[in-house]
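Asks: Dropping in target-v4.txt, with compact mmCIF, N, CA and C atoms.
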# COMPACT_ATOMS: atom_id res chain seq x y z
N ILE A 29 39.40 -28.98 13.08
CA ILE A 29 39.28 -27.80 13.93
C ILE A 29 39.84 -26.58 13.20
N GLN A 30 41.01 -26.73 12.59
CA GLN A 30 41.62 -25.59 11.91
C GLN A 30 40.75 -25.06 10.77
N ASP A 31 40.04 -25.95 10.07
CA ASP A 31 39.19 -25.51 8.97
C ASP A 31 38.00 -24.70 9.45
N ASN A 32 37.57 -24.90 10.70
CA ASN A 32 36.38 -24.23 11.22
C ASN A 32 36.70 -23.08 12.17
N LEU A 33 37.96 -22.85 12.46
CA LEU A 33 38.36 -21.80 13.40
C LEU A 33 38.35 -20.45 12.69
N ARG A 34 37.45 -19.57 13.11
CA ARG A 34 37.33 -18.24 12.52
C ARG A 34 37.58 -17.19 13.59
N ILE A 35 38.54 -16.30 13.33
CA ILE A 35 38.88 -15.25 14.28
C ILE A 35 38.70 -13.91 13.59
N HIS A 36 38.00 -13.01 14.25
CA HIS A 36 37.71 -11.70 13.67
C HIS A 36 38.64 -10.63 14.25
N ASN A 37 39.91 -10.98 14.38
CA ASN A 37 40.90 -10.04 14.91
C ASN A 37 42.21 -10.29 14.16
N ASP A 38 42.55 -9.41 13.24
CA ASP A 38 43.74 -9.59 12.42
C ASP A 38 45.04 -9.36 13.20
N ASP A 39 44.94 -8.83 14.43
CA ASP A 39 46.14 -8.58 15.23
C ASP A 39 46.71 -9.87 15.82
N ILE A 40 45.91 -10.92 15.91
CA ILE A 40 46.37 -12.18 16.50
C ILE A 40 47.11 -12.97 15.43
N THR A 41 48.41 -13.18 15.62
CA THR A 41 49.20 -13.94 14.66
C THR A 41 49.63 -15.29 15.22
N GLN A 42 49.65 -15.39 16.54
CA GLN A 42 50.02 -16.66 17.17
C GLN A 42 49.33 -16.75 18.52
N ALA A 43 48.71 -17.90 18.79
CA ALA A 43 48.00 -18.09 20.06
C ALA A 43 47.86 -19.57 20.34
N LYS A 44 47.72 -19.88 21.62
CA LYS A 44 47.46 -21.26 22.03
C LYS A 44 46.45 -21.21 23.17
N GLU A 45 45.46 -22.07 23.09
CA GLU A 45 44.41 -22.12 24.10
C GLU A 45 44.11 -23.57 24.43
N TRP A 46 43.80 -23.83 25.68
CA TRP A 46 43.39 -25.15 26.11
C TRP A 46 41.90 -25.06 26.40
N VAL A 47 41.12 -25.91 25.75
CA VAL A 47 39.67 -25.90 25.92
C VAL A 47 39.26 -27.18 26.63
N ALA A 48 38.67 -27.02 27.82
CA ALA A 48 38.18 -28.17 28.58
C ALA A 48 36.70 -28.35 28.25
N PHE A 49 36.30 -29.61 28.16
CA PHE A 49 34.90 -29.90 27.88
C PHE A 49 34.59 -31.31 28.37
N VAL A 50 33.31 -31.61 28.44
CA VAL A 50 32.85 -32.92 28.86
C VAL A 50 32.18 -33.60 27.68
N VAL A 51 32.57 -34.85 27.44
CA VAL A 51 31.84 -35.69 26.50
C VAL A 51 30.86 -36.46 27.35
N ASP A 52 29.57 -36.15 27.19
CA ASP A 52 28.53 -36.73 28.02
C ASP A 52 28.31 -38.20 27.67
N ALA A 53 27.53 -38.89 28.46
CA ALA A 53 27.28 -40.32 28.25
C ALA A 53 26.63 -40.61 26.90
N ASP A 54 25.95 -39.62 26.33
CA ASP A 54 25.34 -39.82 25.01
C ASP A 54 26.27 -39.37 23.88
N GLY A 55 27.48 -38.90 24.22
CA GLY A 55 28.46 -38.48 23.23
C GLY A 55 28.44 -37.00 22.89
N SER A 56 27.50 -36.26 23.45
CA SER A 56 27.42 -34.83 23.14
C SER A 56 28.50 -34.05 23.91
N VAL A 57 28.95 -32.96 23.31
CA VAL A 57 29.96 -32.09 23.90
C VAL A 57 29.25 -31.02 24.73
N VAL A 58 29.54 -30.98 26.04
CA VAL A 58 28.89 -30.04 26.95
C VAL A 58 29.93 -29.38 27.85
N ARG A 59 29.54 -28.34 28.56
CA ARG A 59 30.37 -27.61 29.52
C ARG A 59 31.74 -27.24 28.93
N VAL A 60 31.72 -26.51 27.85
CA VAL A 60 32.94 -26.08 27.15
C VAL A 60 33.47 -24.81 27.81
N HIS A 61 34.78 -24.81 28.12
CA HIS A 61 35.37 -23.64 28.76
C HIS A 61 36.85 -23.52 28.39
N ALA A 62 37.25 -22.35 27.90
CA ALA A 62 38.66 -22.09 27.59
C ALA A 62 39.43 -21.90 28.89
N LYS A 63 40.59 -22.56 29.00
CA LYS A 63 41.34 -22.56 30.24
C LYS A 63 42.62 -21.72 30.20
N GLY A 64 43.04 -21.30 29.03
CA GLY A 64 44.31 -20.62 28.91
C GLY A 64 44.21 -19.12 29.08
N ARG A 65 45.22 -18.44 28.60
CA ARG A 65 45.29 -16.98 28.73
C ARG A 65 45.41 -16.29 27.37
N ALA A 66 44.86 -16.92 26.37
CA ALA A 66 44.91 -16.31 25.04
C ALA A 66 43.98 -15.10 25.00
N GLU A 67 44.14 -14.29 23.96
CA GLU A 67 43.25 -13.13 23.81
C GLU A 67 41.81 -13.59 23.69
N LYS A 68 40.89 -12.77 24.16
CA LYS A 68 39.48 -13.15 24.22
C LYS A 68 38.93 -13.58 22.87
N ALA A 69 39.32 -12.92 21.81
CA ALA A 69 38.82 -13.27 20.48
C ALA A 69 39.20 -14.70 20.12
N PHE A 70 40.43 -15.10 20.44
CA PHE A 70 40.86 -16.47 20.13
C PHE A 70 40.20 -17.47 21.07
N SER A 71 40.09 -17.14 22.35
CA SER A 71 39.42 -18.03 23.30
C SER A 71 37.97 -18.28 22.90
N ASP A 72 37.28 -17.21 22.51
CA ASP A 72 35.89 -17.35 22.08
C ASP A 72 35.77 -18.21 20.82
N ALA A 73 36.69 -18.03 19.88
CA ALA A 73 36.67 -18.82 18.65
C ALA A 73 36.96 -20.29 18.95
N ALA A 74 37.89 -20.55 19.86
CA ALA A 74 38.23 -21.93 20.22
C ALA A 74 37.03 -22.61 20.90
N GLU A 75 36.36 -21.90 21.80
CA GLU A 75 35.17 -22.46 22.45
C GLU A 75 34.08 -22.74 21.42
N ARG A 76 33.88 -21.80 20.49
CA ARG A 76 32.84 -21.94 19.48
C ARG A 76 33.06 -23.19 18.61
N VAL A 77 34.31 -23.42 18.20
CA VAL A 77 34.60 -24.56 17.33
C VAL A 77 34.44 -25.89 18.09
N VAL A 78 34.77 -25.91 19.37
CA VAL A 78 34.58 -27.14 20.16
C VAL A 78 33.09 -27.40 20.37
N LYS A 79 32.32 -26.36 20.65
CA LYS A 79 30.87 -26.53 20.84
C LYS A 79 30.19 -27.07 19.57
N ALA A 80 30.75 -26.76 18.41
CA ALA A 80 30.15 -27.17 17.14
C ALA A 80 30.54 -28.58 16.71
N MET A 81 31.40 -29.25 17.48
CA MET A 81 31.84 -30.59 17.10
C MET A 81 30.68 -31.58 17.12
N PRO A 82 30.72 -32.56 16.23
CA PRO A 82 29.69 -33.60 16.27
C PRO A 82 29.87 -34.48 17.51
N LYS A 83 28.91 -35.35 17.75
CA LYS A 83 28.98 -36.22 18.92
C LYS A 83 30.23 -37.10 18.87
N TRP A 84 30.80 -37.35 20.04
CA TRP A 84 31.95 -38.22 20.21
C TRP A 84 31.48 -39.60 20.63
N LYS A 85 32.39 -40.53 20.60
CA LYS A 85 32.13 -41.85 21.18
C LYS A 85 32.37 -41.71 22.68
N PRO A 86 31.37 -41.97 23.53
CA PRO A 86 31.54 -41.75 24.97
C PRO A 86 32.50 -42.75 25.61
N ALA A 87 33.03 -42.35 26.76
CA ALA A 87 33.90 -43.24 27.53
C ALA A 87 33.06 -44.37 28.13
N LYS A 88 33.71 -45.47 28.44
CA LYS A 88 33.01 -46.59 29.06
C LYS A 88 33.68 -46.94 30.38
N TYR A 89 32.85 -47.28 31.35
CA TYR A 89 33.34 -47.75 32.64
C TYR A 89 32.44 -48.90 33.07
N LYS A 90 33.05 -50.05 33.27
CA LYS A 90 32.31 -51.27 33.63
C LYS A 90 31.18 -51.54 32.66
N GLY A 91 31.46 -51.33 31.38
CA GLY A 91 30.50 -51.64 30.33
C GLY A 91 29.43 -50.59 30.08
N LYS A 92 29.42 -49.50 30.84
CA LYS A 92 28.41 -48.46 30.68
C LYS A 92 29.04 -47.19 30.13
N ASP A 93 28.28 -46.46 29.32
CA ASP A 93 28.74 -45.16 28.82
C ASP A 93 28.70 -44.15 29.96
N VAL A 94 29.81 -43.41 30.11
CA VAL A 94 29.91 -42.43 31.19
C VAL A 94 30.48 -41.12 30.65
N PRO A 95 30.20 -40.00 31.34
CA PRO A 95 30.80 -38.71 30.94
C PRO A 95 32.31 -38.73 31.17
N CYS A 96 33.02 -37.94 30.40
CA CYS A 96 34.48 -37.87 30.51
C CYS A 96 34.95 -36.44 30.23
N VAL A 97 35.85 -35.94 31.07
CA VAL A 97 36.41 -34.60 30.88
C VAL A 97 37.63 -34.70 29.97
N LEU A 98 37.71 -33.81 29.00
CA LEU A 98 38.86 -33.76 28.10
C LEU A 98 39.37 -32.34 28.03
N VAL A 99 40.66 -32.20 27.75
CA VAL A 99 41.27 -30.88 27.52
C VAL A 99 41.97 -30.94 26.18
N LEU A 100 41.58 -30.05 25.28
CA LEU A 100 42.09 -30.04 23.91
C LEU A 100 42.92 -28.79 23.68
N PRO A 101 44.20 -28.94 23.35
CA PRO A 101 44.99 -27.75 23.00
C PRO A 101 44.70 -27.33 21.57
N ILE A 102 44.47 -26.03 21.38
CA ILE A 102 44.23 -25.50 20.04
C ILE A 102 45.25 -24.40 19.81
N GLU A 103 45.99 -24.53 18.72
CA GLU A 103 47.07 -23.58 18.44
C GLU A 103 46.82 -22.89 17.12
N LEU A 104 47.15 -21.61 17.05
CA LEU A 104 46.98 -20.82 15.83
C LEU A 104 48.30 -20.15 15.51
N THR A 105 48.72 -20.29 14.26
CA THR A 105 49.87 -19.54 13.75
C THR A 105 49.51 -19.10 12.33
N THR A 106 49.48 -17.80 12.11
CA THR A 106 49.19 -17.30 10.76
C THR A 106 50.49 -17.17 10.00
N ARG A 107 50.38 -17.18 8.71
CA ARG A 107 51.58 -17.11 7.86
C ARG A 107 51.68 -15.79 7.18
Starting from the file, give its structure as structure tokens.
Replies:
Amino acid sequence: IQDNLRIHNDDITQAKEWVAFVVDADGSVVRVHAKGRAEKAFSDAAERVVKAMPKWKPAKYKGKDVPCVLVLPIELTTR
């Protein structure tokens, strides 16, 4: 995630965002939404990097693949 996170705002030196998303039954990442209060530039970048993730291994319930909601914290600290 850190390698793909691009922010076009040099004023942001530290931020944390929680990105909620659903891993669908086929493993695709859908319904991505930033949940925190970080600056819009960082929230948008965090959403963009989560949307670009490859397919995940879906959750299973009673032997069947099912959708699952996840919340991923993404933190940025520049040096």
Asks: Would you mind telling me which residue in A:Met81, A:Phe49, A:Val60, A:Glu75 lies nearest to Leu98 in chain A when using only C-alpha atoms?
Replies: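 Under the stated criterion, the closest residue is A:Phe49.
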Asks: Closest to Ala62 in chain A among A:Ala80, A:Ala87, A:Leu104, A:Val99, using only C-alpha atoms?
Replies: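 Residue with the minimum atom-to-atom distance to Ala62 in chain A: A:Val99.
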Asks: What is the distance, in Å and to one decimal place, between atom N of Val47 in chain A and CA of Phe70 in chain A?
Replies: 11.0 Å
Asks: In Å, how far is it from CA of Lys44 in chain A to atom N of Val94 in chain A?
Replies: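 For CA of Lys44 in chain A relative to atom N of Val94 in chain A, the distance reads 29.5 Å.
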Asks: One decimal, in Å: what's the spacing between CA of Ser56 in chain A and CA of Lys85 in chain A?
Replies: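 Taking CA of Ser56 in chain A as the start and CA of Lys85 in chain A as the end point, the length is 8.7 Å.
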